$ cat protein.txt   # compact mmCIF, N, CA and C atoms
# COMPACT_ATOMS: atom_id res chain seq x y z
N MET A 273 -54.06 42.24 -14.69
CA MET A 273 -52.97 43.15 -14.95
C MET A 273 -53.48 44.25 -15.88
N THR A 274 -53.17 45.46 -15.55
CA THR A 274 -53.64 46.61 -16.35
C THR A 274 -52.74 46.82 -17.56
N PRO A 275 -53.22 47.56 -18.56
CA PRO A 275 -52.36 47.90 -19.70
C PRO A 275 -51.06 48.60 -19.26
N ALA A 276 -51.13 49.44 -18.23
CA ALA A 276 -49.93 50.12 -17.74
C ALA A 276 -48.93 49.11 -17.15
N GLU A 277 -49.43 48.13 -16.40
CA GLU A 277 -48.55 47.10 -15.83
C GLU A 277 -47.94 46.23 -16.92
N LEU A 278 -48.75 45.87 -17.92
CA LEU A 278 -48.23 45.09 -19.05
C LEU A 278 -47.13 45.86 -19.77
N ALA A 279 -47.37 47.15 -20.02
CA ALA A 279 -46.38 47.99 -20.71
C ALA A 279 -45.11 48.12 -19.89
N GLY A 280 -45.24 48.20 -18.58
CA GLY A 280 -44.06 48.29 -17.72
C GLY A 280 -43.20 47.04 -17.79
N ILE A 281 -43.82 45.87 -17.74
CA ILE A 281 -43.07 44.62 -17.86
C ILE A 281 -42.43 44.53 -19.24
N ALA A 282 -43.20 44.85 -20.27
CA ALA A 282 -42.66 44.78 -21.64
C ALA A 282 -41.47 45.72 -21.81
N ALA A 283 -41.55 46.91 -21.25
CA ALA A 283 -40.45 47.88 -21.38
C ALA A 283 -39.17 47.35 -20.73
N ARG A 284 -39.31 46.62 -19.63
CA ARG A 284 -38.13 46.06 -18.97
C ARG A 284 -37.63 44.79 -19.65
N ALA A 285 -38.55 44.03 -20.28
CA ALA A 285 -38.20 42.72 -20.82
C ALA A 285 -37.75 42.73 -22.28
N TYR A 286 -38.32 43.60 -23.10
CA TYR A 286 -38.04 43.57 -24.53
C TYR A 286 -36.76 44.34 -24.84
N ARG A 287 -35.68 43.62 -24.90
CA ARG A 287 -34.38 44.24 -25.19
C ARG A 287 -34.06 44.23 -26.68
N HIS A 288 -34.69 43.34 -27.43
CA HIS A 288 -34.37 43.16 -28.85
C HIS A 288 -35.29 43.94 -29.78
N MET A 289 -36.31 44.56 -29.23
CA MET A 289 -37.26 45.28 -30.09
C MET A 289 -37.92 46.39 -29.30
N THR A 290 -38.60 47.25 -30.01
CA THR A 290 -39.35 48.32 -29.38
C THR A 290 -40.56 47.73 -28.67
N PRO A 291 -40.72 47.98 -27.36
CA PRO A 291 -41.84 47.37 -26.64
C PRO A 291 -43.18 48.02 -26.97
N TRP A 292 -44.24 47.29 -26.69
CA TRP A 292 -45.59 47.81 -26.85
C TRP A 292 -45.82 48.94 -25.85
N THR A 293 -46.69 49.85 -26.21
CA THR A 293 -47.08 50.95 -25.32
C THR A 293 -48.33 50.56 -24.53
N GLU A 294 -48.63 51.33 -23.51
CA GLU A 294 -49.85 51.12 -22.74
C GLU A 294 -51.08 51.20 -23.66
N ALA A 295 -51.09 52.17 -24.58
CA ALA A 295 -52.23 52.32 -25.50
C ALA A 295 -52.38 51.11 -26.40
N GLU A 296 -51.26 50.54 -26.86
CA GLU A 296 -51.33 49.34 -27.72
C GLU A 296 -51.89 48.15 -26.94
N PHE A 297 -51.47 48.00 -25.69
CA PHE A 297 -52.03 46.92 -24.87
C PHE A 297 -53.53 47.14 -24.66
N ALA A 298 -53.92 48.36 -24.33
CA ALA A 298 -55.33 48.66 -24.10
C ALA A 298 -56.17 48.38 -25.34
N ALA A 299 -55.69 48.79 -26.50
CA ALA A 299 -56.43 48.57 -27.74
C ALA A 299 -56.59 47.07 -28.02
N THR A 300 -55.54 46.30 -27.82
CA THR A 300 -55.60 44.86 -28.08
C THR A 300 -56.56 44.19 -27.10
N LEU A 301 -56.48 44.57 -25.84
CA LEU A 301 -57.36 43.96 -24.82
C LEU A 301 -58.83 44.29 -25.04
N SER A 302 -59.12 45.37 -25.77
CA SER A 302 -60.51 45.75 -25.99
C SER A 302 -61.22 44.87 -27.01
N HIS A 303 -60.49 44.06 -27.77
CA HIS A 303 -61.10 43.19 -28.77
C HIS A 303 -61.68 41.95 -28.11
N PRO A 304 -62.83 41.49 -28.57
CA PRO A 304 -63.45 40.30 -27.98
C PRO A 304 -62.65 39.01 -28.19
N THR A 305 -61.74 39.01 -29.15
CA THR A 305 -60.93 37.82 -29.40
C THR A 305 -59.69 37.76 -28.50
N ALA A 306 -59.42 38.82 -27.75
CA ALA A 306 -58.21 38.89 -26.92
C ALA A 306 -58.21 37.83 -25.83
N LEU A 307 -57.02 37.35 -25.53
CA LEU A 307 -56.83 36.38 -24.46
C LEU A 307 -55.55 36.76 -23.72
N LEU A 308 -55.68 37.01 -22.43
CA LEU A 308 -54.54 37.38 -21.59
C LEU A 308 -54.43 36.38 -20.45
N THR A 309 -53.24 35.82 -20.27
CA THR A 309 -52.96 34.99 -19.11
C THR A 309 -51.77 35.61 -18.40
N VAL A 310 -51.81 35.60 -17.09
CA VAL A 310 -50.75 36.23 -16.31
C VAL A 310 -50.24 35.27 -15.26
N GLY A 311 -49.03 35.54 -14.85
CA GLY A 311 -48.41 34.81 -13.76
C GLY A 311 -47.82 35.81 -12.80
N GLU A 312 -47.02 35.33 -11.89
CA GLU A 312 -46.45 36.20 -10.88
C GLU A 312 -45.59 37.30 -11.48
N ALA A 313 -44.82 37.01 -12.51
CA ALA A 313 -43.93 38.00 -13.11
C ALA A 313 -43.97 37.96 -14.63
N ALA A 314 -45.00 37.32 -15.21
CA ALA A 314 -45.05 37.13 -16.65
C ALA A 314 -46.48 37.23 -17.16
N PHE A 315 -46.59 37.47 -18.46
CA PHE A 315 -47.90 37.46 -19.11
C PHE A 315 -47.76 36.97 -20.53
N VAL A 316 -48.88 36.47 -21.06
CA VAL A 316 -49.02 36.13 -22.47
C VAL A 316 -50.29 36.80 -22.95
N LEU A 317 -50.18 37.57 -24.01
CA LEU A 317 -51.33 38.24 -24.62
C LEU A 317 -51.45 37.75 -26.05
N GLY A 318 -52.65 37.33 -26.40
CA GLY A 318 -52.88 36.86 -27.76
C GLY A 318 -54.34 37.01 -28.12
N ARG A 319 -54.72 36.25 -29.11
CA ARG A 319 -56.12 36.26 -29.53
C ARG A 319 -56.46 34.88 -30.07
N VAL A 320 -57.74 34.59 -30.05
CA VAL A 320 -58.25 33.34 -30.61
C VAL A 320 -59.33 33.70 -31.61
N VAL A 321 -59.13 33.27 -32.85
CA VAL A 321 -60.08 33.51 -33.93
C VAL A 321 -60.35 32.16 -34.58
N ALA A 322 -61.61 31.77 -34.58
CA ALA A 322 -62.03 30.46 -35.10
C ALA A 322 -61.23 29.38 -34.37
N ASP A 323 -60.48 28.55 -35.11
CA ASP A 323 -59.74 27.47 -34.45
C ASP A 323 -58.25 27.74 -34.34
N GLU A 324 -57.84 29.01 -34.49
CA GLU A 324 -56.44 29.38 -34.38
C GLU A 324 -56.22 30.40 -33.28
N ALA A 325 -55.14 30.22 -32.54
CA ALA A 325 -54.71 31.21 -31.56
C ALA A 325 -53.41 31.82 -32.05
N GLU A 326 -53.19 33.05 -31.65
CA GLU A 326 -51.95 33.74 -32.00
C GLU A 326 -51.43 34.44 -30.75
N ILE A 327 -50.17 34.22 -30.44
CA ILE A 327 -49.53 34.93 -29.35
C ILE A 327 -48.97 36.22 -29.91
N LEU A 328 -49.40 37.33 -29.33
CA LEU A 328 -48.95 38.64 -29.78
C LEU A 328 -47.81 39.17 -28.92
N ALA A 329 -47.82 38.85 -27.65
CA ALA A 329 -46.78 39.32 -26.74
C ALA A 329 -46.65 38.35 -25.57
N LEU A 330 -45.42 38.06 -25.21
CA LEU A 330 -45.10 37.30 -24.01
C LEU A 330 -43.92 38.00 -23.38
N ALA A 331 -44.01 38.30 -22.10
CA ALA A 331 -42.91 38.96 -21.42
C ALA A 331 -42.83 38.50 -19.98
N THR A 332 -41.61 38.45 -19.50
CA THR A 332 -41.34 38.16 -18.10
C THR A 332 -40.50 39.29 -17.55
N ASP A 333 -40.89 39.81 -16.40
CA ASP A 333 -40.09 40.84 -15.76
C ASP A 333 -38.69 40.28 -15.54
N PRO A 334 -37.64 41.02 -15.90
CA PRO A 334 -36.28 40.50 -15.74
C PRO A 334 -35.97 39.99 -14.33
N ASP A 335 -36.56 40.59 -13.30
CA ASP A 335 -36.33 40.12 -11.94
C ASP A 335 -36.96 38.75 -11.67
N GLY A 336 -37.88 38.32 -12.53
CA GLY A 336 -38.55 37.05 -12.34
C GLY A 336 -38.17 35.99 -13.37
N GLN A 337 -37.18 36.28 -14.19
CA GLN A 337 -36.80 35.33 -15.24
C GLN A 337 -36.07 34.13 -14.66
N ARG A 338 -36.14 33.04 -15.42
CA ARG A 338 -35.49 31.77 -15.09
C ARG A 338 -36.08 31.10 -13.85
N ARG A 339 -37.37 31.38 -13.61
CA ARG A 339 -38.06 30.79 -12.46
C ARG A 339 -39.33 30.07 -12.88
N GLY A 340 -39.57 29.91 -14.18
CA GLY A 340 -40.74 29.19 -14.67
C GLY A 340 -41.98 30.03 -14.87
N ALA A 341 -41.89 31.34 -14.65
CA ALA A 341 -43.08 32.19 -14.78
C ALA A 341 -43.60 32.23 -16.22
N ALA A 342 -42.70 32.37 -17.19
CA ALA A 342 -43.13 32.43 -18.59
C ALA A 342 -43.72 31.10 -19.02
N ARG A 343 -43.09 30.01 -18.63
CA ARG A 343 -43.61 28.69 -19.00
C ARG A 343 -45.00 28.47 -18.42
N ALA A 344 -45.21 28.91 -17.18
CA ALA A 344 -46.53 28.75 -16.55
C ALA A 344 -47.57 29.62 -17.24
N ALA A 345 -47.22 30.87 -17.57
CA ALA A 345 -48.18 31.74 -18.27
C ALA A 345 -48.50 31.20 -19.66
N LEU A 346 -47.49 30.64 -20.34
CA LEU A 346 -47.71 30.06 -21.66
C LEU A 346 -48.60 28.83 -21.56
N ALA A 347 -48.38 27.99 -20.58
CA ALA A 347 -49.23 26.80 -20.41
C ALA A 347 -50.68 27.22 -20.14
N ARG A 348 -50.88 28.27 -19.33
CA ARG A 348 -52.23 28.77 -19.09
C ARG A 348 -52.86 29.27 -20.38
N PHE A 349 -52.07 29.99 -21.18
CA PHE A 349 -52.58 30.50 -22.46
C PHE A 349 -53.00 29.34 -23.36
N GLU A 350 -52.17 28.32 -23.45
CA GLU A 350 -52.48 27.17 -24.31
C GLU A 350 -53.78 26.49 -23.85
N ARG A 351 -53.95 26.31 -22.55
CA ARG A 351 -55.18 25.69 -22.04
C ARG A 351 -56.40 26.57 -22.32
N ALA A 352 -56.25 27.87 -22.10
CA ALA A 352 -57.38 28.79 -22.34
C ALA A 352 -57.73 28.85 -23.82
N ALA A 353 -56.71 28.83 -24.69
CA ALA A 353 -56.97 28.84 -26.14
C ALA A 353 -57.68 27.56 -26.55
N ALA A 354 -57.26 26.42 -26.02
CA ALA A 354 -57.92 25.15 -26.33
C ALA A 354 -59.37 25.16 -25.84
N ALA A 355 -59.61 25.80 -24.69
CA ALA A 355 -60.97 25.90 -24.17
C ALA A 355 -61.86 26.75 -25.08
N ARG A 356 -61.24 27.61 -25.87
CA ARG A 356 -61.97 28.42 -26.85
C ARG A 356 -61.97 27.73 -28.23
N ASP A 357 -61.64 26.46 -28.25
CA ASP A 357 -61.67 25.62 -29.46
C ASP A 357 -60.53 25.84 -30.44
N ALA A 358 -59.43 26.46 -30.00
CA ALA A 358 -58.25 26.58 -30.86
C ALA A 358 -57.59 25.20 -30.97
N VAL A 359 -57.10 24.88 -32.17
CA VAL A 359 -56.41 23.62 -32.38
C VAL A 359 -54.92 23.82 -32.65
N GLU A 360 -54.52 25.08 -32.87
CA GLU A 360 -53.10 25.38 -33.06
C GLU A 360 -52.83 26.83 -32.64
N ILE A 361 -51.56 27.08 -32.33
CA ILE A 361 -51.13 28.41 -31.91
C ILE A 361 -49.96 28.83 -32.78
N PHE A 362 -50.00 30.09 -33.21
CA PHE A 362 -48.91 30.69 -33.98
C PHE A 362 -48.30 31.84 -33.20
N LEU A 363 -47.06 32.16 -33.49
CA LEU A 363 -46.40 33.31 -32.91
C LEU A 363 -45.25 33.73 -33.81
N GLU A 364 -44.82 34.97 -33.63
CA GLU A 364 -43.59 35.45 -34.27
C GLU A 364 -42.59 35.73 -33.17
N VAL A 365 -41.32 35.41 -33.43
CA VAL A 365 -40.24 35.70 -32.49
C VAL A 365 -39.08 36.30 -33.27
N ALA A 366 -38.42 37.29 -32.68
CA ALA A 366 -37.30 37.94 -33.35
C ALA A 366 -36.18 36.94 -33.62
N ALA A 367 -35.68 36.94 -34.84
CA ALA A 367 -34.62 36.02 -35.22
C ALA A 367 -33.38 36.19 -34.35
N ALA A 368 -33.11 37.42 -33.92
CA ALA A 368 -31.92 37.71 -33.10
C ALA A 368 -32.12 37.30 -31.64
N ASN A 369 -33.32 36.95 -31.24
CA ASN A 369 -33.59 36.64 -29.85
C ASN A 369 -33.45 35.13 -29.60
N ALA A 370 -32.20 34.69 -29.51
CA ALA A 370 -31.92 33.26 -29.34
C ALA A 370 -32.54 32.68 -28.07
N PRO A 371 -32.52 33.38 -26.93
CA PRO A 371 -33.16 32.79 -25.74
C PRO A 371 -34.66 32.54 -25.94
N ALA A 372 -35.36 33.48 -26.57
CA ALA A 372 -36.80 33.30 -26.80
C ALA A 372 -37.04 32.17 -27.80
N ARG A 373 -36.24 32.11 -28.86
CA ARG A 373 -36.40 31.01 -29.82
C ARG A 373 -36.21 29.67 -29.12
N GLY A 374 -35.20 29.56 -28.28
CA GLY A 374 -34.95 28.32 -27.54
C GLY A 374 -36.08 27.97 -26.59
N PHE A 375 -36.63 28.99 -25.94
CA PHE A 375 -37.75 28.79 -25.02
C PHE A 375 -38.94 28.20 -25.77
N TYR A 376 -39.31 28.82 -26.89
CA TYR A 376 -40.47 28.33 -27.64
C TYR A 376 -40.23 26.93 -28.18
N PHE A 377 -39.04 26.68 -28.67
CA PHE A 377 -38.70 25.34 -29.17
C PHE A 377 -38.85 24.31 -28.04
N ALA A 378 -38.36 24.64 -26.86
CA ALA A 378 -38.46 23.73 -25.71
C ALA A 378 -39.91 23.51 -25.29
N CYS A 379 -40.78 24.47 -25.61
CA CYS A 379 -42.21 24.35 -25.27
C CYS A 379 -43.02 23.71 -26.38
N GLY A 380 -42.35 23.21 -27.42
CA GLY A 380 -43.05 22.46 -28.46
C GLY A 380 -43.40 23.22 -29.72
N TYR A 381 -42.91 24.44 -29.86
CA TYR A 381 -43.18 25.24 -31.06
C TYR A 381 -42.11 24.95 -32.11
N ALA A 382 -42.53 24.91 -33.36
CA ALA A 382 -41.60 24.61 -34.46
C ALA A 382 -41.67 25.74 -35.50
N PRO A 383 -40.54 26.09 -36.10
CA PRO A 383 -40.55 27.14 -37.12
C PRO A 383 -41.29 26.70 -38.38
N VAL A 384 -42.10 27.62 -38.93
CA VAL A 384 -42.86 27.31 -40.15
C VAL A 384 -42.74 28.42 -41.19
N GLY A 385 -42.01 29.49 -40.89
CA GLY A 385 -41.87 30.57 -41.86
C GLY A 385 -41.02 31.70 -41.32
N ARG A 386 -40.83 32.71 -42.16
CA ARG A 386 -40.00 33.85 -41.81
C ARG A 386 -40.61 35.12 -42.39
N ARG A 387 -40.63 36.18 -41.63
CA ARG A 387 -41.09 37.50 -42.10
C ARG A 387 -39.88 38.43 -42.09
N THR A 388 -39.42 38.80 -43.26
CA THR A 388 -38.22 39.61 -43.40
C THR A 388 -38.45 41.03 -42.88
N ALA A 389 -37.48 41.52 -42.10
CA ALA A 389 -37.47 42.89 -41.57
C ALA A 389 -38.78 43.24 -40.86
N TYR A 390 -39.32 42.34 -40.11
CA TYR A 390 -40.62 42.49 -39.45
C TYR A 390 -40.55 43.41 -38.22
N TYR A 391 -39.50 43.26 -37.43
CA TYR A 391 -39.39 44.02 -36.18
C TYR A 391 -38.50 45.25 -36.35
N THR A 392 -38.86 46.31 -35.65
CA THR A 392 -38.01 47.49 -35.55
C THR A 392 -37.26 47.41 -34.23
N CYS A 393 -35.95 47.46 -34.30
CA CYS A 393 -35.10 47.40 -33.11
C CYS A 393 -34.96 48.79 -32.52
N PRO A 394 -34.59 48.88 -31.25
CA PRO A 394 -34.44 50.19 -30.61
C PRO A 394 -33.48 51.13 -31.34
N ASP A 395 -32.47 50.58 -32.02
CA ASP A 395 -31.51 51.42 -32.74
C ASP A 395 -31.98 51.79 -34.15
N GLY A 396 -33.20 51.38 -34.51
CA GLY A 396 -33.76 51.70 -35.82
C GLY A 396 -33.52 50.64 -36.88
N SER A 397 -32.67 49.66 -36.60
CA SER A 397 -32.43 48.58 -37.56
C SER A 397 -33.66 47.66 -37.57
N ARG A 398 -33.66 46.71 -38.48
CA ARG A 398 -34.78 45.78 -38.62
C ARG A 398 -34.29 44.36 -38.36
N ASP A 399 -35.18 43.52 -37.84
CA ASP A 399 -34.87 42.12 -37.60
C ASP A 399 -36.00 41.27 -38.17
N ASP A 400 -35.64 40.11 -38.67
CA ASP A 400 -36.62 39.17 -39.18
C ASP A 400 -37.42 38.55 -38.03
N ALA A 401 -38.61 38.12 -38.34
CA ALA A 401 -39.43 37.35 -37.39
C ALA A 401 -39.49 35.92 -37.89
N LEU A 402 -39.31 35.00 -36.99
CA LEU A 402 -39.53 33.59 -37.30
C LEU A 402 -40.96 33.26 -36.89
N LEU A 403 -41.72 32.71 -37.79
CA LEU A 403 -43.09 32.28 -37.51
C LEU A 403 -43.00 30.85 -36.97
N MET A 404 -43.63 30.64 -35.79
CA MET A 404 -43.60 29.32 -35.17
C MET A 404 -45.03 28.86 -34.91
N ARG A 405 -45.19 27.55 -34.83
CA ARG A 405 -46.51 26.94 -34.68
C ARG A 405 -46.45 25.77 -33.71
N LYS A 406 -47.56 25.58 -33.00
CA LYS A 406 -47.71 24.40 -32.13
C LYS A 406 -49.14 23.91 -32.26
N ALA A 407 -49.29 22.62 -32.48
CA ALA A 407 -50.62 22.00 -32.47
C ALA A 407 -51.02 21.74 -31.03
N LEU A 408 -52.26 22.02 -30.71
CA LEU A 408 -52.78 21.76 -29.37
C LEU A 408 -53.42 20.38 -29.31
N PRO A 409 -53.33 19.72 -28.17
CA PRO A 409 -53.98 18.41 -28.06
C PRO A 409 -55.50 18.57 -28.19
N GLU A 410 -56.13 17.55 -28.73
CA GLU A 410 -57.58 17.59 -28.87
C GLU A 410 -58.24 17.49 -27.51
N ASN A 411 -59.35 18.22 -27.37
CA ASN A 411 -60.09 18.20 -26.10
C ASN A 411 -60.81 16.90 -25.91
$ encode --input "protein.txt" --output "structure tokens"
Amino acid sequence: MTPAELAGIAARAYRHMTPWTEAEFAATLSHPTALLTVGEAAFVLGRVVADEAEILALATDPDGQRRGAARAALARFERAAAARDAVEIFLEVAAANAPARGFYFACGYAPVGRRTAYYTCPDGSRDDALLMRKALPEN
């Protein structure tokens, strides 16, 4: 998936925050620590540094939601991160995004912290980020 395709999905999917731009996706993908997994209508973009992985963006095209695409892309990301020797994964999710929080909780992620006023919303207001973590099974 190209940076333009990633930005297009993010623009349609991110209703609670300002989506990433094509340039931001391209810059992130240019780093050697970047890890991208894709599915039919979803992607997970993150990075793996030492024994930790971090999810930076996960999006599902609205036309493909509720069909398991995000769960499949996330499972691929977790396996790929473990293959790079990650033992845990972290992510931030908007506090106002109840569906995403529920999704991550159902996938085994637990809240471990909060970042106040972390996200900028489309209307200019700010939203907190909940920091979540999941331990990966040992290889």
$ closest_residue --input "protein.txt" --among "A:Ala276, A:Met289, A:Val320, A:Leu330" --to "Cys393 (chain A)" --atoms "only N, CA and C atoms"
A:Met289
$ residues_around --input "protein.txt" --residues "Thr392 (chain A)" --least-positions-apart "6" --cutoff "12 Å" --atoms "only C-alpha atoms" --output "mmCIF file with N, CA and C atoms, keeping the file's coordinate frame"
data_model
loop_
_atom_site.group_PDB
_atom_site.id
_atom_site.type_symbol
_atom_site.label_atom_id
_atom_site.label_comp_id
_atom_site.auth_asym_id
_atom_site.auth_seq_id
_atom_site.Cartn_x
_atom_site.Cartn_y
_atom_site.Cartn_z
ATOM 1 N N TYR A 286 -38.320 43.600 -23.100
ATOM 2 C CA TYR A 286 -38.040 43.570 -24.530
ATOM 3 C C TYR A 286 -36.760 44.340 -24.840
ATOM 4 N N ARG A 287 -35.680 43.620 -24.900
ATOM 5 C CA ARG A 287 -34.380 44.240 -25.190
ATOM 6 C C ARG A 287 -34.060 44.230 -26.680
ATOM 7 N N HIS A 288 -34.690 43.340 -27.430
ATOM 8 C CA HIS A 288 -34.370 43.160 -28.850
ATOM 9 C C HIS A 288 -35.290 43.940 -29.780
ATOM 10 N N MET A 289 -36.310 44.560 -29.230
ATOM 11 C CA MET A 289 -37.260 45.280 -30.090
ATOM 12 C C MET A 289 -37.920 46.390 -29.300
ATOM 13 N N THR A 290 -38.600 47.250 -30.010
ATOM 14 C CA THR A 290 -39.350 48.320 -29.380
ATOM 15 C C THR A 290 -40.560 47.730 -28.670
ATOM 16 N N PRO A 291 -40.720 47.980 -27.360
ATOM 17 C CA PRO A 291 -41.840 47.370 -26.640
ATOM 18 C C PRO A 291 -43.180 48.020 -26.970
ATOM 19 N N TRP A 292 -44.240 47.290 -26.690
ATOM 20 C CA TRP A 292 -45.590 47.810 -26.850
ATOM 21 C C TRP A 292 -45.820 48.940 -25.850
ATOM 22 N N ALA A 366 -38.420 37.290 -32.680
ATOM 23 C CA ALA A 366 -37.300 37.940 -33.350
ATOM 24 C C ALA A 366 -36.180 36.940 -33.620
ATOM 25 N N ALA A 367 -35.680 36.940 -34.840
ATOM 26 C CA ALA A 367 -34.620 36.020 -35.220
ATOM 27 C C ALA A 367 -33.380 36.190 -34.350
ATOM 28 N N ALA A 368 -33.110 37.420 -33.920
ATOM 29 C CA ALA A 368 -31.920 37.710 -33.100
ATOM 30 C C ALA A 368 -32.120 37.300 -31.640
ATOM 31 N N ARG A 398 -33.660 46.710 -38.480
ATOM 32 C CA ARG A 398 -34.780 45.780 -38.620
ATOM 33 C C ARG A 398 -34.290 44.360 -38.360
ATOM 34 N N ASP A 399 -35.180 43.520 -37.840
ATOM 35 C CA ASP A 399 -34.870 42.120 -37.600
ATOM 36 C C ASP A 399 -36.000 41.270 -38.170
ATOM 37 N N ASP A 400 -35.640 40.110 -38.670
ATOM 38 C CA ASP A 400 -36.620 39.170 -39.180
ATOM 39 C C ASP A 400 -37.420 38.550 -38.030
ATOM 40 N N ALA A 401 -38.610 38.120 -38.340
ATOM 41 C CA ALA A 401 -39.430 37.350 -37.390
ATOM 42 C C ALA A 401 -39.490 35.920 -37.890
#
$ select_by_dssp --input "protein.txt" --residues "region 339-404 of chain A" --states "strand (DSSP E)" --output "MDAnalysis selection string"
chainID A and resid 360:366 382:392 398:404
$ residues_around --input "protein.txt" --residues "Ala331 (chain A)" --least-positions-apart "4" --cutoff "10 Å" --atoms "only C-alpha atoms" --output "PDB file with N, CA and C atoms, keeping the file's coordinate frame"
ATOM      1  N   LEU A 278     -48.750  45.870 -17.920  1.00  0.00           N
ATOM      2  CA  LEU A 278     -48.230  45.090 -19.050  1.00  0.00           C
ATOM      3  C   LEU A 278     -47.130  45.860 -19.770  1.00  0.00           C
ATOM      4  N   ALA A 279     -47.370  47.150 -20.020  1.00  0.00           N
ATOM      5  CA  ALA A 279     -46.380  47.990 -20.710  1.00  0.00           C
ATOM      6  C   ALA A 279     -45.110  48.120 -19.890  1.00  0.00           C
ATOM      7  N   ILE A 281     -43.820  45.870 -17.740  1.00  0.00           N
ATOM      8  CA  ILE A 281     -43.070  44.620 -17.860  1.00  0.00           C
ATOM      9  C   ILE A 281     -42.430  44.530 -19.240  1.00  0.00           C
ATOM     10  N   ALA A 282     -43.200  44.850 -20.270  1.00  0.00           N
ATOM     11  CA  ALA A 282     -42.660  44.780 -21.640  1.00  0.00           C
ATOM     12  C   ALA A 282     -41.470  45.720 -21.810  1.00  0.00           C
ATOM     13  N   ALA A 283     -41.550  46.910 -21.250  1.00  0.00           N
ATOM     14  CA  ALA A 283     -40.450  47.880 -21.380  1.00  0.00           C
ATOM     15  C   ALA A 283     -39.170  47.350 -20.730  1.00  0.00           C
ATOM     16  N   ARG A 284     -39.310  46.620 -19.630  1.00  0.00           N
ATOM     17  CA  ARG A 284     -38.130  46.060 -18.970  1.00  0.00           C
ATOM     18  C   ARG A 284     -37.630  44.790 -19.650  1.00  0.00           C
ATOM     19  N   ALA A 285     -38.550  44.030 -20.280  1.00  0.00           N
ATOM     20  CA  ALA A 285     -38.200  42.720 -20.820  1.00  0.00           C
ATOM     21  C   ALA A 285     -37.750  42.730 -22.280  1.00  0.00           C
ATOM     22  N   TYR A 286     -38.320  43.600 -23.100  1.00  0.00           N
ATOM     23  CA  TYR A 286     -38.040  43.570 -24.530  1.00  0.00           C
ATOM     24  C   TYR A 286     -36.760  44.340 -24.840  1.00  0.00           C
ATOM     25  N   PRO A 291     -40.720  47.980 -27.360  1.00  0.00           N
ATOM     26  CA  PRO A 291     -41.840  47.370 -26.640  1.00  0.00           C
ATOM     27  C   PRO A 291     -43.180  48.020 -26.970  1.00  0.00           C
ATOM     28  N   VAL A 310     -51.810  35.600 -17.090  1.00  0.00           N
ATOM     29  CA  VAL A 310     -50.750  36.230 -16.310  1.00  0.00           C
ATOM     30  C   VAL A 310     -50.240  35.270 -15.260  1.00  0.00           C
ATOM     31  N   ALA A 313     -44.820  37.010 -12.510  1.00  0.00           N
ATOM     32  CA  ALA A 313     -43.930  38.000 -13.110  1.00  0.00           C
ATOM     33  C   ALA A 313     -43.970  37.960 -14.630  1.00  0.00           C
ATOM     34  N   ALA A 314     -45.000  37.320 -15.210  1.00  0.00           N
ATOM     35  CA  ALA A 314     -45.050  37.130 -16.650  1.00  0.00           C
ATOM     36  C   ALA A 314     -46.480  37.230 -17.160  1.00  0.00           C
ATOM     37  N   PHE A 315     -46.590  37.470 -18.460  1.00  0.00           N
ATOM     38  CA  PHE A 315     -47.900  37.460 -19.110  1.00  0.00           C
ATOM     39  C   PHE A 315     -47.760  36.970 -20.530  1.00  0.00           C
ATOM     40  N   VAL A 316     -48.880  36.470 -21.060  1.00  0.00           N
ATOM     41  CA  VAL A 316     -49.020  36.130 -22.470  1.00  0.00           C
ATOM     42  C   VAL A 316     -50.290  36.800 -22.950  1.00  0.00           C
ATOM     43  N   LEU A 317     -50.180  37.570 -24.010  1.00  0.00           N
ATOM     44  CA  LEU A 317     -51.330  38.240 -24.620  1.00  0.00           C
ATOM     45  C   LEU A 317     -51.450  37.750 -26.050  1.00  0.00           C
ATOM     46  N   GLN A 337     -37.180  36.280 -14.190  1.00  0.00           N
ATOM     47  CA  GLN A 337     -36.800  35.330 -15.240  1.00  0.00           C
ATOM     48  C   GLN A 337     -36.070  34.130 -14.660  1.00  0.00           C
ATOM     49  N   ALA A 341     -41.890  31.340 -14.650  1.00  0.00           N
ATOM     50  CA  ALA A 341     -43.080  32.190 -14.780  1.00  0.00           C
ATOM     51  C   ALA A 341     -43.600  32.230 -16.220  1.00  0.00           C
ATOM     52  N   ALA A 342     -42.700  32.370 -17.190  1.00  0.00           N
ATOM     53  CA  ALA A 342     -43.130  32.430 -18.590  1.00  0.00           C
ATOM     54  C   ALA A 342     -43.720  31.100 -19.020  1.00  0.00           C
ATOM     55  N   ALA A 345     -47.220  30.870 -17.570  1.00  0.00           N
ATOM     56  CA  ALA A 345     -48.180  31.740 -18.270  1.00  0.00           C
ATOM     57  C   ALA A 345     -48.500  31.200 -19.660  1.00  0.00           C
ATOM     58  N   ALA A 372     -35.360  33.480 -26.570  1.00  0.00           N
ATOM     59  CA  ALA A 372     -36.800  33.300 -26.800  1.00  0.00           C
ATOM     60  C   ALA A 372     -37.040  32.170 -27.800  1.00  0.00           C
TER      61      ALA A 372
END
$ residues_around --input "protein.txt" --residues "Gly380 (chain A)" --least-positions-apart "4" --cutoff "9 Å" --atoms "only C-alpha atoms" --output "count of residues only"
5
$ residues_around --input "protein.txt" --residues "region 299-306 of chain A" --least-positions-apart "3" --cutoff "5 Å" --atoms "all atoms listed in the file" --output "JSON, numbers by chain"
{"A": [295, 296, 318, 319, 320]}
$ atom_distance --input "protein.txt" --atom1 "CA of Leu403 (chain A)" --atom2 "CA of Ala378 (chain A)"
15.3 Å
$ atom_distance --input "protein.txt" --atom1 "CA of Gly311 (chain A)" --atom2 "CA of Ala382 (chain A)"
24.1 Å
